[in-house]
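Undergrad: Encoded as structure tokens, here's the structure I'll be asking about.
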Amino acid sequence: MNPTLKRLTPLLGLLVFLAGCGKAANPVAPVFIPPLSSVTLSVHADTLDVEQTRQFTAVALDTAHVPYTGALHWASTNAGVFAVGSTGLVTAVGEGTALLTVSGGGKADTASVLVYPTATGWLVQTSNVTDDLYDVFFDGAGRLGWAVGNGGVVLSTTNAGATWTRQLSTTLTPLRGVWFTSALEGWAAGNGGTVLHTLNGGSSWARLANTSSNENLMDVCFATRDTGWVVGAGGLILSTTDRGKTWRRTMRGGFTLNSVSFAGTKDGWTVGAGGVILGTHDRGVSWYTVPSVTGQALKSLWRVDAKTAAAVGAGGVVARTVAVSDSAAWVLGNNVGSLYQLEGVCLADTLTGFAVGLNGAGVVLHTSDGGEAWTPQAVHSQFRLRGVFFLDARRGWVVGDNGTIRHTTSAGE
């Protein structure tokens with residue numbers, strides 16, 4: 001026997017004996033739940049404001065379909081969004097979306113709970129960088145987000161932008177576009193043919209060497225995990241249908257393409273310098289030129305569905321699609337003024353959208369009619385705004401020069 005262990009053995013025996021002589025702690029009796037045939041929540045989606053509470057209820061039936069009124073197990077998939085007690089009382093903690101789960105007896109049900117902060121308007125978020133930021137993207141729950149910009153900067157947040165941290169991007173070239181297909185897998189594109197890929201939420205990024213591109217890349221968009229597009233200088237369009245293993249290279253003239261957006265995997269638009277608009281119905285294998293509606297450079301584009309899209313650009317130009325028979329046509333919206341230089345646009349739905357740019361200071365414009373008319377909002381930024389992303393008609397973020405980030409949960413109102 002080990003000498004040290006030999007010396008300790010009597011002491012260990014004494015401790016065991018003394019523990020046996022003391023009072024035993026009162027054990028917590030496990031909750032017994034019989035086998036159940038179903039557990040059903042009374043609601044499957046709800047919204048709360050931070051610090052608000054709400055009692056959720058569920059109906060449970062045993063295997064004889066008799067109501068079971070005993071205890072059930074309640075859980076939150078993200079305690080940073082809301083907490084839940086043993087009786088189903090939910091307390092909103094922080095902005096975002098999480099799932100409420102009730103379970104027992106081998107059955108379970110879930111509800112989606114969306115939590116809004118109580119603040120209104122556009123709120124300042126601290127980026128901790130002074131680099132110009134060009135694009136921003138958030139996952140569907142609204143907690144995980146990424147922003148990219150000059151010097152290869154990549155910022156990430158796990159709490160809806162309350163705090164942002166810098167990720168190691170492995171490049172110093174400007175990054176112009178960012179897109180994530182899940183909480184872990186994402187893409188970024190930028191100057192010098194740079195295409196970055198991450199499989200761990202941006203903890204590490206790898207530069208792809210198989211795109212055969214040295215052009216400055218301006219935007220990236222994915223319709224599914226496997227199918228995506230990148231556009232850039234010289235009319236370059238890169239497309240992949242195998243998760244970036246191979247890329248199809250298409251050149252469509254000497255102009256720069258600034259933005260690309262798809263509705264599904266087949267129907268897409270891309271816009272760029274000189275007001276060029278290209279369309280495709282076959283995943284980008286072939287592209288057709290849309291009759292020009294402006295000579296101004298179109299800087300950004302967002303497509304909601306097969307017939308709804310909007311684009312913005314230099315000289316305050318705004319363009320939108322209108323439904324015609326079995327297709328869509330591009331028309332000019334009401335010009336917001338030639339002093340506006342618009343850099344980014346995002347449609348939250350077929351009617352609600354936001355555009356950002358510069359008019360002496362940073363500007364945000366709002367539309368509630370699908371892009372026909374736009375109204376300025378008070379965003380309180382002295383710097384040009386370049387990127388915008390909305391999850392729904394209320395929740396959105398904008399980014400811009402000098403590390404500017406603004407956030408709203410009230411549609412900017």
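To be explicit about the labels: the chains of the structure tokens are called A, B, and onward in the order shown, and within each one the residues are counted from 1, while ligands get numbers from 1 in the order they are shown.
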Excluding same-chain residues fewer than 3 positions from range 153-168 of chain A, what lies within 6 Å of it counting only C-alpha atoms, as an mmCIF file with C-alpha atoms, in the first residue's frame?

TA:
data_model
loop_
_atom_site.group_PDB
_atom_site.id
_atom_site.type_symbol
_atom_site.label_atom_id
_atom_site.label_comp_id
_atom_site.auth_asym_id
_atom_site.auth_seq_id
_atom_site.Cartn_x
_atom_site.Cartn_y
_atom_site.Cartn_z
ATOM 1 C CA SER A 127 -18.289 48.267 -30.887
ATOM 2 C CA GLY A 142 -31.680 37.727 -32.353
ATOM 3 C CA ARG A 143 -28.899 36.978 -29.856
ATOM 4 C CA LEU A 144 -26.007 35.975 -32.140
ATOM 5 C CA GLY A 145 -24.714 38.601 -34.563
ATOM 6 C CA TRP A 146 -21.681 39.547 -36.643
ATOM 7 C CA ALA A 147 -20.403 42.754 -38.262
ATOM 8 C CA VAL A 148 -17.506 43.151 -40.718
ATOM 9 C CA GLY A 149 -15.465 46.057 -42.040
ATOM 10 C CA ASN A 150 -12.112 47.670 -42.774
#

Undergrad: Counting only C-alpha atoms, what is within 7 Å of Gly193 in chain A, bar same-chain residues fewer than 2 positions away, as a list of chain:residue names?

TA: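 Answer for this query is A:Gly190, A:Asn191, A:Val195, A:Ser213, A:Asn214, A:Glu215, A:Asn216, A:Leu217.
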
Undergrad: Give the strand (DSSP E or B) residues of range 192-400 of chain A, as assigned by DSSP on the backbone, as a PyMOL selection string.

TA: chain A and resi 194-198+206-207+217-222+228-232+236-240+248-251+257-263+267-272+277-280+288-289+298-305+308-313+318-324+327-332+341-347+353-358+362-367+375-377+385-390+396-400

Undergrad: Take the residues from that selection and put them in a file with C-alpha atoms, as a short mmCIF file (atom, residue, chain, number, x, y, z; two decimals), in the first residue's frame.

TA:
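For reference, selection12.cif as written:
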data_model
loop_
_atom_site.label_atom_id
_atom_site.label_comp_id
_atom_site.auth_asym_id
_atom_site.auth_seq_id
_atom_site.Cartn_x
_atom_site.Cartn_y
_atom_site.Cartn_z
CA THR A 194 -11.19 37.26 -50.07
CA VAL A 195 -13.81 34.68 -49.08
CA LEU A 196 -13.73 33.57 -45.44
CA HIS A 197 -15.55 30.59 -43.95
CA THR A 198 -16.21 29.59 -40.33
CA ALA A 206 -10.34 30.14 -42.88
CA ARG A 207 -9.69 31.84 -46.22
CA LEU A 217 -15.79 41.24 -53.58
CA MET A 218 -18.70 43.35 -52.38
CA ASP A 219 -21.43 41.06 -51.04
CA VAL A 220 -22.31 37.49 -50.08
CA CYS A 221 -25.68 35.75 -49.79
CA PHE A 222 -26.70 32.13 -49.07
CA GLY A 228 -24.72 30.75 -52.11
CA TRP A 229 -23.38 33.63 -54.20
CA VAL A 230 -20.67 36.29 -54.04
CA VAL A 231 -20.50 39.35 -56.31
CA GLY A 232 -17.86 41.98 -56.98
CA LEU A 236 -18.00 38.97 -61.16
CA ILE A 237 -20.52 36.45 -59.84
CA LEU A 238 -19.36 33.41 -57.89
CA SER A 239 -21.85 30.67 -57.05
CA THR A 240 -21.64 27.42 -55.13
CA ARG A 248 -18.81 28.64 -60.60
CA ARG A 249 -17.29 31.85 -61.96
CA THR A 250 -19.36 34.17 -64.18
CA MET A 251 -18.28 37.58 -65.56
CA LEU A 257 -21.75 44.43 -58.71
CA ASN A 258 -22.40 45.70 -55.19
CA SER A 259 -25.15 43.49 -53.82
CA VAL A 260 -26.90 40.16 -54.39
CA SER A 261 -30.12 38.72 -52.93
CA PHE A 262 -32.16 35.58 -53.57
CA ALA A 263 -35.67 34.35 -52.82
CA ASP A 267 -34.66 33.38 -58.25
CA GLY A 268 -32.15 36.14 -57.60
CA TRP A 269 -31.17 39.73 -58.33
CA THR A 270 -27.84 41.52 -58.31
CA VAL A 271 -27.27 45.28 -58.71
CA GLY A 272 -24.31 47.56 -59.21
CA ILE A 277 -29.77 45.12 -62.49
CA LEU A 278 -29.32 41.46 -63.38
CA GLY A 279 -31.75 38.61 -62.74
CA THR A 280 -31.66 34.83 -62.75
CA TYR A 288 -30.39 38.46 -67.88
CA THR A 289 -30.14 42.25 -67.88
CA LEU A 298 -27.09 50.92 -56.92
CA LYS A 299 -25.30 50.06 -53.69
CA SER A 300 -27.58 47.60 -51.92
CA LEU A 301 -30.42 45.19 -52.60
CA TRP A 302 -32.84 43.07 -50.57
CA ARG A 303 -35.29 40.48 -51.89
CA VAL A 304 -38.13 39.20 -49.69
CA ASP A 305 -39.90 36.85 -52.09
CA THR A 308 -40.80 41.81 -53.76
CA ALA A 309 -37.40 43.51 -53.73
CA ALA A 310 -35.90 46.96 -53.19
CA ALA A 311 -32.58 48.58 -54.10
CA VAL A 312 -30.98 51.89 -53.08
CA GLY A 313 -28.00 53.89 -54.21
CA VAL A 318 -34.62 54.03 -54.50
CA ALA A 319 -36.01 51.31 -56.77
CA ARG A 320 -38.49 48.52 -56.14
CA THR A 321 -40.21 45.68 -57.91
CA VAL A 322 -43.87 45.53 -58.83
CA ALA A 323 -45.78 42.40 -59.77
CA VAL A 324 -46.56 41.98 -63.47
CA SER A 327 -42.99 38.02 -62.97
CA ALA A 328 -41.74 41.28 -61.42
CA ALA A 329 -40.62 44.56 -62.99
CA TRP A 330 -38.35 47.26 -61.57
CA VAL A 331 -39.61 50.84 -61.13
CA LEU A 332 -38.30 53.92 -59.34
CA GLN A 341 -26.11 58.74 -50.55
CA LEU A 342 -27.74 55.43 -49.69
CA GLU A 343 -25.50 52.47 -48.89
CA GLY A 344 -27.68 49.71 -47.46
CA VAL A 345 -31.25 48.40 -47.48
CA CYS A 346 -33.18 45.61 -45.75
CA LEU A 347 -36.82 44.61 -46.10
CA GLY A 353 -38.08 48.22 -44.91
CA PHE A 354 -35.13 50.35 -43.85
CA ALA A 355 -32.37 52.09 -45.82
CA VAL A 356 -29.19 53.68 -44.47
CA GLY A 357 -26.58 56.08 -45.76
CA LEU A 358 -25.35 59.66 -45.50
CA GLY A 362 -25.74 59.18 -40.88
CA VAL A 363 -29.35 58.58 -41.94
CA VAL A 364 -31.95 55.85 -41.60
CA LEU A 365 -35.04 55.84 -43.84
CA HIS A 366 -38.17 53.80 -43.20
CA THR A 367 -40.80 52.52 -45.63
CA THR A 375 -39.36 58.64 -44.17
CA PRO A 376 -36.20 59.74 -42.28
CA GLN A 377 -35.72 58.62 -38.68
CA LEU A 385 -24.11 54.28 -42.14
CA ARG A 386 -23.40 51.42 -44.54
CA GLY A 387 -25.12 48.20 -43.46
CA VAL A 388 -28.56 47.33 -42.09
CA PHE A 389 -30.21 44.09 -40.98
CA PHE A 390 -33.73 43.51 -39.61
CA GLY A 396 -32.84 45.73 -36.40
CA TRP A 397 -29.23 46.89 -36.40
CA VAL A 398 -27.28 49.37 -38.52
CA VAL A 399 -23.50 49.74 -38.79
CA GLY A 400 -21.24 52.37 -40.30
#

Undergrad: List the neighbours of Gly370 in chain A out to 7 Å using only C-alpha atoms; skip same-chain residues closer than 2 positions along the sequence, and give me the result as a list in words.

TA: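 Those residues are Thr350, Leu351, Thr352, Gly353, Thr367, Ser368 and Glu372 of chain A.
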
Undergrad: Which value, in Å to one decimal, gives the distance between CA of Arg394 in chain A and CA of Val129 in chain A?

TA: 26.3 Å

Undergrad: Please report as a Markdown table every residue of range 80-151 of chain A lying within 10 Å of range 64-71 of chain A, along with the nearest atom pair and their distance in Å (one decimal), using only C-alpha atoms.

TA:
| residue | atom | partner | partner_atom | distance |
| --- | --- | --- | --- | --- |
| A:Ser86 | CA | A:Ala71 | CA | 8.0 |
| A:Thr87 | CA | A:Ala71 | CA | 7.6 |
| A:Ser103 | CA | A:Ala71 | CA | 9.7 |
| A:Gly104 | CA | A:Ala71 | CA | 8.4 |

Undergrad: May I have the residues from that selection written out with C-alpha atoms, as a compact mmCIF listing (two decimals), in the first residue's frame?

TA:
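The result, written out as out00.txt:
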# COMPACT_ATOMS: atom_id res chain seq x y z
CA SER A 86 -41.18 25.13 -11.43
CA THR A 87 -44.80 26.16 -12.04
CA SER A 103 -42.13 17.97 -20.24
CA GLY A 104 -43.03 14.92 -18.22

Undergrad: Which neighbours of Gly88 in chain A fall inside 8 Å, counting only C-alpha atoms, when residues of the same chain fewer than 2 positions from it are skipped, and could you give them as a PyMOL selection string?

TA: chain A and resi 55-57+74+84-86+90

Undergrad: With only C-alpha atoms as the counted atoms, please give the residues lying no more than 12 Å from Ala108 in chain A, apart from itself and same-chain residues fewer than 3 positions off, as a list in words.

TA: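 Contacts, with the query itself left out: Pro35, Leu36, Ser37, Ser38, Val39, Thr40, Leu41, Ala58, Val59, Ala60, Leu61, Leu72, His73, Trp74, Ala75, Leu100, Thr101, Val102, Ser103, Gly104, Gly105 and Ala111 of chain A.
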
Undergrad: May I have all residues of range 3-237 of chain A that DSSP, computed from the backbone, assigns to helix (DSSP H, G or I), given as number ranges by chain?

TA: A: 3-21, 150-152, 191-193, 233-235

Undergrad: Using CA of Phe383 in chain A and CA of Ala348 in chain A as the two end points, give the distance in Å to one decimal.

TA: 23.8 Å

Undergrad: What's the separation between CA of Thr126 in chain A and CA of Leu339 in chain A, in Å to one decimal place?

TA: 28.4 Å
